[in-house]
Every structure is written in structure tokens, then in C-alpha cells.
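The structure appears right after this line, and notes come after that.
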Amino acid sequence: MMVKREIRKFTCACCKEEHLSAWTEEEAIQEKNELFGDMPLDEMAKVCTDCFDKIMKYNEHPGF
């Protein structure tokens, strides 16, 4: 059975561009918990995939 998803717009906190997201809030929180544990949501920001990948790459290899 296919689940209908609501496409939502958001502004990336890094690049300030508007993007579309098909993720539910529950999916986003689940990924946050898997990657960052119990970090409070008010200490996090919504970022686009490109900016997220850059942030994660930098965290793996600081200074590059």
C-alpha cells in the first residue's frame, strides 16, 4: 500500500534557499535520533541534503 506524503517547503538554515521535503516530522526525528541521539530539537536546524552532506563531510575531516 502506498502512503500519500505531504510535500512541505522549508528554508535551509545554511544556504537560505527554499527546498521541498517529503519527509514526515516523525521520519526526520527518527533520523535525528539515529545520528545525534538525544540532542534537543531547539538546538538543531533544518538543512537541505547538500548542506547536510557538506556538514557531515567536514565533521569527518575537519579542516578540509
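Chain labels run A, B, ... following the order of the C-alpha cells; each chain numbers its residues from 1, and ligands are numbered from 1 in the order shown.
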Extract the full set of helix (DSSP H, G or I) residues from chain A according to DSSP on the backbone, and format it as a PDB file with all heavy atoms, in the first residue's frame.
ATOM      1  N   GLU A  25       7.558  14.632   9.840  1.00  0.00           N
ATOM      2  CA  GLU A  25       8.273  15.069  11.051  1.00  0.00           C
ATOM      3  C   GLU A  25       8.793  13.855  11.814  1.00  0.00           C
ATOM      4  O   GLU A  25       9.902  13.878  12.354  1.00  0.00           O
ATOM      5  CB  GLU A  25       7.364  15.907  11.950  1.00  0.00           C
ATOM      6  CG  GLU A  25       7.103  17.301  11.424  1.00  0.00           C
ATOM      7  CD  GLU A  25       8.363  18.166  11.379  1.00  0.00           C
ATOM      8  OE1 GLU A  25       9.162  18.145  12.334  1.00  0.00           O
ATOM      9  OE2 GLU A  25       8.543  18.869  10.372  1.00  0.00           O
ATOM     10  N   GLU A  26       8.000  12.785  11.851  1.00  0.00           N
ATOM     11  CA  GLU A  26       8.407  11.574  12.556  1.00  0.00           C
ATOM     12  C   GLU A  26       9.657  10.966  11.937  1.00  0.00           C
ATOM     13  O   GLU A  26      10.564  10.518  12.656  1.00  0.00           O
ATOM     14  CB  GLU A  26       7.267  10.542  12.569  1.00  0.00           C
ATOM     15  CG  GLU A  26       6.072  10.954  13.394  1.00  0.00           C
ATOM     16  CD  GLU A  26       5.135  11.934  12.669  1.00  0.00           C
ATOM     17  OE1 GLU A  26       5.182  12.042  11.418  1.00  0.00           O
ATOM     18  OE2 GLU A  26       4.368  12.608  13.372  1.00  0.00           O
ATOM     19  N   GLU A  27       9.738  10.923  10.599  1.00  0.00           N
ATOM     20  CA  GLU A  27      10.922  10.389   9.928  1.00  0.00           C
ATOM     21  C   GLU A  27      12.151  11.248  10.209  1.00  0.00           C
ATOM     22  O   GLU A  27      13.243  10.724  10.449  1.00  0.00           O
ATOM     23  CB  GLU A  27      10.696  10.304   8.416  1.00  0.00           C
ATOM     24  CG  GLU A  27       9.703   9.250   8.017  1.00  0.00           C
ATOM     25  CD  GLU A  27       9.285   9.353   6.569  1.00  0.00           C
ATOM     26  OE1 GLU A  27       9.215  10.470   6.019  1.00  0.00           O
ATOM     27  OE2 GLU A  27       9.036   8.286   5.980  1.00  0.00           O
ATOM     28  N   ALA A  28      11.974  12.554  10.178  1.00  0.00           N
ATOM     29  CA  ALA A  28      13.087  13.462  10.442  1.00  0.00           C
ATOM     30  C   ALA A  28      13.590  13.293  11.877  1.00  0.00           C
ATOM     31  O   ALA A  28      14.800  13.247  12.121  1.00  0.00           O
ATOM     32  CB  ALA A  28      12.662  14.903  10.189  1.00  0.00           C
ATOM     33  N   ILE A  29      12.681  13.172  12.821  1.00  0.00           N
ATOM     34  CA  ILE A  29      13.072  12.987  14.218  1.00  0.00           C
ATOM     35  C   ILE A  29      13.753  11.639  14.415  1.00  0.00           C
ATOM     36  O   ILE A  29      14.740  11.525  15.147  1.00  0.00           O
ATOM     37  CB  ILE A  29      11.857  13.165  15.152  1.00  0.00           C
ATOM     38  CG1 ILE A  29      11.433  14.633  15.153  1.00  0.00           C
ATOM     39  CG2 ILE A  29      12.163  12.679  16.564  1.00  0.00           C
ATOM     40  CD1 ILE A  29      10.122  14.912  15.845  1.00  0.00           C
ATOM     41  N   GLN A  30      13.269  10.617  13.720  1.00  0.00           N
ATOM     42  CA  GLN A  30      13.902   9.295  13.815  1.00  0.00           C
ATOM     43  C   GLN A  30      15.348   9.351  13.313  1.00  0.00           C
ATOM     44  O   GLN A  30      16.249   8.822  13.959  1.00  0.00           O
ATOM     45  CB  GLN A  30      13.107   8.264  13.021  1.00  0.00           C
ATOM     46  CG  GLN A  30      13.708   6.876  13.100  1.00  0.00           C
ATOM     47  CD  GLN A  30      12.904   5.832  12.337  1.00  0.00           C
ATOM     48  OE1 GLN A  30      11.796   6.107  11.872  1.00  0.00           O
ATOM     49  NE2 GLN A  30      13.450   4.656  12.200  1.00  0.00           N
ATOM     50  N   GLU A  31      15.584  10.021  12.178  1.00  0.00           N
ATOM     51  CA  GLU A  31      16.947  10.136  11.675  1.00  0.00           C
ATOM     52  C   GLU A  31      17.810  10.960  12.635  1.00  0.00           C
ATOM     53  O   GLU A  31      18.962  10.619  12.907  1.00  0.00           O
ATOM     54  CB  GLU A  31      17.002  10.759  10.282  1.00  0.00           C
ATOM     55  CG  GLU A  31      18.445  10.802   9.778  1.00  0.00           C
ATOM     56  CD  GLU A  31      18.627  11.425   8.428  1.00  0.00           C
ATOM     57  OE1 GLU A  31      18.230  12.593   8.265  1.00  0.00           O
ATOM     58  OE2 GLU A  31      19.185  10.760   7.556  1.00  0.00           O
ATOM     59  N   LYS A  32      17.246  12.039  13.164  1.00  0.00           N
ATOM     60  CA  LYS A  32      17.964  12.864  14.143  1.00  0.00           C
ATOM     61  C   LYS A  32      18.407  12.013  15.323  1.00  0.00           C
ATOM     62  O   LYS A  32      19.551  12.069  15.756  1.00  0.00           O
ATOM     63  CB  LYS A  32      17.079  14.018  14.613  1.00  0.00           C
ATOM     64  CG  LYS A  32      17.778  15.016  15.496  1.00  0.00           C
ATOM     65  CD  LYS A  32      17.440  15.136  16.925  1.00  0.00           C
ATOM     66  CE  LYS A  32      16.376  14.516  17.665  1.00  0.00           C
ATOM     67  NZ  LYS A  32      16.758  14.240  19.084  1.00  0.00           N
ATOM     68  N   ASN A  33      17.501  11.188  15.836  1.00  0.00           N
ATOM     69  CA  ASN A  33      17.827  10.333  16.976  1.00  0.00           C
ATOM     70  C   ASN A  33      18.913   9.322  16.631  1.00  0.00           C
ATOM     71  O   ASN A  33      19.800   9.057  17.445  1.00  0.00           O
ATOM     72  CB  ASN A  33      16.577   9.619  17.492  1.00  0.00           C
ATOM     73  CG  ASN A  33      15.608  10.562  18.154  1.00  0.00           C
ATOM     74  OD1 ASN A  33      15.968  11.655  18.591  1.00  0.00           O
ATOM     75  ND2 ASN A  33      14.346  10.164  18.225  1.00  0.00           N
ATOM     76  N   GLU A  34      18.854   8.763  15.419  1.00  0.00           N
ATOM     77  CA  GLU A  34      19.860   7.782  14.993  1.00  0.00           C
ATOM     78  C   GLU A  34      21.241   8.419  14.850  1.00  0.00           C
ATOM     79  O   GLU A  34      22.250   7.814  15.212  1.00  0.00           O
ATOM     80  CB  GLU A  34      19.445   7.146  13.668  1.00  0.00           C
ATOM     81  CG  GLU A  34      18.243   6.230  13.791  1.00  0.00           C
ATOM     82  CD  GLU A  34      17.684   5.790  12.451  1.00  0.00           C
ATOM     83  OE1 GLU A  34      18.273   6.124  11.389  1.00  0.00           O
ATOM     84  OE2 GLU A  34      16.648   5.107  12.438  1.00  0.00           O
ATOM     85  N   LEU A  35      21.285   9.638  14.332  1.00  0.00           N
ATOM     86  CA  LEU A  35      22.565  10.294  14.070  1.00  0.00           C
ATOM     87  C   LEU A  35      23.100  11.095  15.250  1.00  0.00           C
ATOM     88  O   LEU A  35      24.313  11.154  15.463  1.00  0.00           O
ATOM     89  CB  LEU A  35      22.443  11.218  12.855  1.00  0.00           C
ATOM     90  CG  LEU A  35      22.172  10.543  11.520  1.00  0.00           C
ATOM     91  CD1 LEU A  35      21.931  11.587  10.448  1.00  0.00           C
ATOM     92  CD2 LEU A  35      23.332   9.626  11.134  1.00  0.00           C
ATOM     93  N   PHE A  36      22.219  11.726  16.007  1.00  0.00           N
ATOM     94  CA  PHE A  36      22.650  12.681  17.024  1.00  0.00           C
ATOM     95  C   PHE A  36      22.124  12.386  18.429  1.00  0.00           C
ATOM     96  O   PHE A  36      22.304  13.200  19.339  1.00  0.00           O
ATOM     97  CB  PHE A  36      22.236  14.102  16.607  1.00  0.00           C
ATOM     98  CG  PHE A  36      22.734  14.478  15.246  1.00  0.00           C
ATOM     99  CD1 PHE A  36      21.866  14.556  14.177  1.00  0.00           C
ATOM    100  CD2 PHE A  36      24.078  14.734  15.030  1.00  0.00           C
ATOM    101  CE1 PHE A  36      22.326  14.893  12.908  1.00  0.00           C
ATOM    102  CE2 PHE A  36      24.549  15.074  13.768  1.00  0.00           C
ATOM    103  CZ  PHE A  36      23.672  15.152  12.708  1.00  0.00           C
ATOM    104  N   LEU A  41      15.705  19.296  19.990  1.00  0.00           N
ATOM    105  CA  LEU A  41      15.322  19.863  18.694  1.00  0.00           C
ATOM    106  C   LEU A  41      15.591  21.367  18.615  1.00  0.00           C
ATOM    107  O   LEU A  41      15.935  21.877  17.551  1.00  0.00           O
ATOM    108  CB  LEU A  41      13.846  19.594  18.397  1.00  0.00           C
ATOM    109  CG  LEU A  41      13.495  18.154  18.046  1.00  0.00           C
ATOM    110  CD1 LEU A  41      11.982  18.010  17.900  1.00  0.00           C
ATOM    111  CD2 LEU A  41      14.200  17.703  16.783  1.00  0.00           C
ATOM    112  N   ASP A  42      15.472  22.065  19.748  1.00  0.00           N
ATOM    113  CA  ASP A  42      15.691  23.513  19.709  1.00  0.00           C
ATOM    114  C   ASP A  42      17.167  23.883  19.543  1.00  0.00           C
ATOM    115  O   ASP A  42      17.499  25.042  19.363  1.00  0.00           O
ATOM    116  CB  ASP A  42      15.082  24.203  20.929  1.00  0.00           C
ATOM    117  CG  ASP A  42      15.706  23.770  22.243  1.00  0.00           C
ATOM    118  OD1 ASP A  42      16.476  22.794  22.268  1.00  0.00           O
ATOM    119  OD2 ASP A  42      15.409  24.414  23.266  1.00  0.00           O
ATOM    120  N   GLU A  43      18.051  22.888  19.574  1.00  0.00           N
ATOM    121  CA  GLU A  43      19.474  23.112  19.329  1.00  0.00           C
ATOM    122  C   GLU A  43      19.880  22.669  17.922  1.00  0.00           C
ATOM    123  O   GLU A  43      21.061  22.642  17.589  1.00  0.00           O
ATOM    124  CB  GLU A  43      20.318  22.368  20.368  1.00  0.00           C
ATOM    125  CG  GLU A  43      20.158  22.914  21.770  1.00  0.00           C
ATOM    126  CD  GLU A  43      21.014  22.187  22.783  1.00  0.00           C
ATOM    127  OE1 GLU A  43      21.968  21.496  22.386  1.00  0.00           O
ATOM    128  OE2 GLU A  43      20.728  22.319  23.983  1.00  0.00           O
ATOM    129  N   THR A  49      19.754  18.643   1.841  1.00  0.00           N
ATOM    130  CA  THR A  49      20.630  17.485   1.689  1.00  0.00           C
ATOM    131  C   THR A  49      22.050  17.897   1.329  1.00  0.00           C
ATOM    132  O   THR A  49      23.012  17.366   1.896  1.00  0.00           O
ATOM    133  CB  THR A  49      20.068  16.524   0.625  1.00  0.00           C
ATOM    134  OG1 THR A  49      18.767  16.098   1.044  1.00  0.00           O
ATOM    135  CG2 THR A  49      20.964  15.321   0.437  1.00  0.00           C
ATOM    136  N   ASP A  50      22.218  18.839   0.413  1.00  0.00           N
ATOM    137  CA  ASP A  50      23.563  19.270   0.024  1.00  0.00           C
ATOM    138  C   ASP A  50      24.329  19.854   1.206  1.00  0.00           C
ATOM    139  O   ASP A  50      25.493  19.522   1.431  1.00  0.00           O
ATOM    140  CB  ASP A  50      23.511  20.293  -1.114  1.00  0.00           C
ATOM    141  CG  ASP A  50      23.101  19.680  -2.442  1.00  0.00           C
ATOM    142  OD1 ASP A  50      23.167  18.436  -2.582  1.00  0.00           O
ATOM    143  OD2 ASP A  50      22.708  20.439  -3.342  1.00  0.00           O
ATOM    144  N   CYS A  51      23.696  20.725   1.962  1.00  0.00           N
ATOM    145  CA  CYS A  51      24.356  21.324   3.131  1.00  0.00           C
ATOM    146  C   CYS A  51      24.615  20.273   4.204  1.00  0.00           C
ATOM    147  O   CYS A  51      25.672  20.267   4.832  1.00  0.00           O
ATOM    148  CB  CYS A  51      23.537  22.492   3.678  1.00  0.00           C
ATOM    149  SG  CYS A  51      23.567  23.942   2.605  1.00  0.00           S
ATOM    150  N   PHE A  52      23.675  19.363   4.411  1.00  0.00           N
ATOM    151  CA  PHE A  52      23.860  18.290   5.387  1.00  0.00           C
ATOM    152  C   PHE A  52      25.086  17.459   5.023  1.00  0.00           C
ATOM    153  O   PHE A  52      25.927  17.161   5.880  1.00  0.00           O
ATOM    154  CB  PHE A  52      22.615  17.403   5.441  1.00  0.00           C
ATOM    155  CG  PHE A  52      22.747  16.233   6.374  1.00  0.00           C
ATOM    156  CD1 PHE A  52      22.534  16.385   7.734  1.00  0.00           C
ATOM    157  CD2 PHE A  52      23.092  14.983   5.898  1.00  0.00           C
ATOM    158  CE1 PHE A  52      22.653  15.314   8.600  1.00  0.00           C
ATOM    159  CE2 PHE A  52      23.221  13.906   6.757  1.00  0.00           C
ATOM    160  CZ  PHE A  52      23.002  14.066   8.101  1.00  0.00           C
ATOM    161  N   ASP A  53      25.204  17.099   3.742  1.00  0.00           N
ATOM    162  CA  ASP A  53      26.352  16.300   3.304  1.00  0.00           C
ATOM    163  C   ASP A  53      27.667  17.039   3.527  1.00  0.00           C
ATOM    164  O   ASP A  53      28.658  16.439   3.952  1.00  0.00           O
ATOM    165  CB  ASP A  53      26.201  15.907   1.837  1.00  0.00           C
ATOM    166  CG  ASP A  53      25.076  14.900   1.616  1.00  0.00           C
ATOM    167  OD1 ASP A  53      24.629  14.255   2.594  1.00  0.00           O
ATOM    168  OD2 ASP A  53      24.642  14.765   0.457  1.00  0.00           O
ATOM    169  N   LYS A  54      27.682  18.348   3.262  1.00  0.00           N
ATOM    170  CA  LYS A  54      28.899  19.145   3.492  1.00  0.00           C
ATOM    171  C   LYS A  54      29.244  19.185   4.976  1.00  0.00           C
ATOM    172  O   LYS A  54      30.407  19.065   5.360  1.00  0.00           O
ATOM    173  CB  LYS A  54      28.711  20.562   2.964  1.00  0.00           C
ATOM    174  CG  LYS A  54      28.679  20.644   1.458  1.00  0.00           C
ATOM    175  CD  LYS A  54      28.367  22.067   1.010  1.00  0.00           C
ATOM    176  CE  LYS A  54      28.110  22.113  -0.478  1.00  0.00           C
ATOM    177  NZ  LYS A  54      27.689  23.451  -0.917  1.00  0.00           N
ATOM    178  N   ILE A  55      28.239  19.368   5.821  1.00  0.00           N
ATOM    179  CA  ILE A  55      28.458  19.417   7.267  1.00  0.00           C
ATOM    180  C   ILE A  55      29.021  18.079   7.756  1.00  0.00           C
ATOM    181  O   ILE A  55      29.989  18.042   8.522  1.00  0.00           O
ATOM    182  CB  ILE A  55      27.151  19.755   8.012  1.00  0.00           C
ATOM    183  CG1 ILE A  55      26.731  21.195   7.709  1.00  0.00           C
ATOM    184  CG2 ILE A  55      27.287  19.515   9.510  1.00  0.00           C
ATOM    185  CD1 ILE A  55      25.297  21.507   8.099  1.00  0.00           C
ATOM    186  N   MET A  56      28.416  16.990   7.311  1.00  0.00           N
ATOM    187  CA  MET A  56      28.863  15.674   7.763  1.00  0.00           C
ATOM    188  C   MET A  56      30.272  15.374   7.250  1.00  0.00           C
ATOM    189  O   MET A  56      31.088  14.793   7.973  1.00  0.00           O
ATOM    190  CB  MET A  56      27.868  14.593   7.328  1.00  0.00           C
ATOM    191  CG  MET A  56      26.495  14.748   7.964  1.00  0.00           C
ATOM    192  SD  MET A  56      26.511  14.810   9.776  1.00  0.00           S
ATOM    193  CE  MET A  56      26.810  13.089  10.139  1.00  0.00           C
ATOM    194  N   LYS A  57      30.579  15.761   6.026  1.00  0.00           N
ATOM    195  CA  LYS A  57      31.924  15.546   5.470  1.00  0.00           C
ATOM    196  C   LYS A  57      32.940  16.348   6.278  1.00  0.00           C
ATOM    197  O   LYS A  57      34.009  15.854   6.624  1.00  0.00           O
ATOM    198  CB  LYS A  57      31.970  15.960   4.005  1.00  0.00           C
ATOM    199  CG  LYS A  57      33.302  15.711   3.352  1.00  0.00           C
ATOM    200  CD  LYS A  57      33.286  16.065   1.876  1.00  0.00           C
ATOM    201  CE  LYS A  57      34.640  15.800   1.266  1.00  0.00           C
ATOM    202  NZ  LYS A  57      34.655  16.112  -0.164  1.00  0.00           N
ATOM    203  N   TYR A  58      32.623  17.593   6.607  1.00  0.00           N
ATOM    204  CA  TYR A  58      33.523  18.432   7.399  1.00  0.00           C
ATOM    205  C   TYR A  58      33.750  17.804   8.776  1.00  0.00           C
ATOM    206  O   TYR A  58      34.871  17.798   9.282  1.00  0.00           O
ATOM    207  CB  TYR A  58      32.978  19.848   7.551  1.00  0.00           C
ATOM    208  CG  TYR A  58      33.885  20.714   8.408  1.00  0.00           C
ATOM    209  CD1 TYR A  58      35.014  21.303   7.869  1.00  0.00           C
ATOM    210  CD2 TYR A  58      33.622  20.892   9.756  1.00  0.00           C
ATOM    211  CE1 TYR A  58      35.868  22.067   8.659  1.00  0.00           C
ATOM    212  CE2 TYR A  58      34.462  21.646  10.556  1.00  0.00           C
ATOM    213  CZ  TYR A  58      35.584  22.242  10.005  1.00  0.00           C
ATOM    214  OH  TYR A  58      36.419  22.973  10.787  1.00  0.00           O
ATOM    215  N   ASN A  59      32.686  17.277   9.379  1.00  0.00           N
ATOM    216  CA  ASN A  59      32.823  16.673  10.709  1.00  0.00           C
ATOM    217  C   ASN A  59      33.694  15.428  10.682  1.00  0.00           C
ATOM    218  O   ASN A  59      34.343  15.095  11.667  1.00  0.00           O
ATOM    219  CB  ASN A  59      31.450  16.338  11.300  1.00  0.00           C
ATOM    220  CG  ASN A  59      30.735  17.577  11.785  1.00  0.00           C
ATOM    221  OD1 ASN A  59      31.348  18.575  12.118  1.00  0.00           O
ATOM    222  ND2 ASN A  59      29.423  17.519  11.804  1.00  0.00           N
ATOM    223  N   GLU A  60      33.737  14.725   9.538  1.00  0.00           N
ATOM    224  CA  GLU A  60      34.589  13.557   9.402  1.00  0.00           C
ATOM    225  C   GLU A  60      36.045  13.962   9.186  1.00  0.00           C
ATOM    226  O   GLU A  60      36.956  13.258   9.606  1.00  0.00           O
ATOM    227  CB  GLU A  60      34.127  12.689   8.223  1.00  0.00           C
ATOM    228  CG  GLU A  60      32.805  12.008   8.459  1.00  0.00           C
ATOM    229  CD  GLU A  60      32.319  11.254   7.229  1.00  0.00           C
ATOM    230  OE1 GLU A  60      33.100  11.072   6.276  1.00  0.00           O
ATOM    231  OE2 GLU A  60      31.148  10.877   7.223  1.00  0.00           O
TER     232      GLU A  60
END
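The shortest atom-to-atom distance to A:Thr24, with only C-alpha atoms taken into account, belongs to A:Glu6 out of A:Glu6, A:Thr11, A:Met44, A:Gly37.
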- Enumerate the residues of chain A with a DSSP assignment of strand (DSSP E), computed from the backbone, and present them as a PyMOL selection string. chain A and resi 8-11+18-21
- Note on the structure: re atom CA of A:Glu17 and atom CA of A:Val47: distance 9.5 Å
- Item | Straight-line distance linking atom CA of A:Ala22 with atom CA of A:Asp38, stated in Å to one decimal |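 Going from atom CA of A:Ala22 over to atom CA of A:Asp38 covers 23.5 Å.
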- Item | Atom pair atom CA of A:Ala13 / atom CA of A:Pro40: separation (Å) |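 For atom CA of A:Ala13 relative to atom CA of A:Pro40, the distance reads 16.6 Å.
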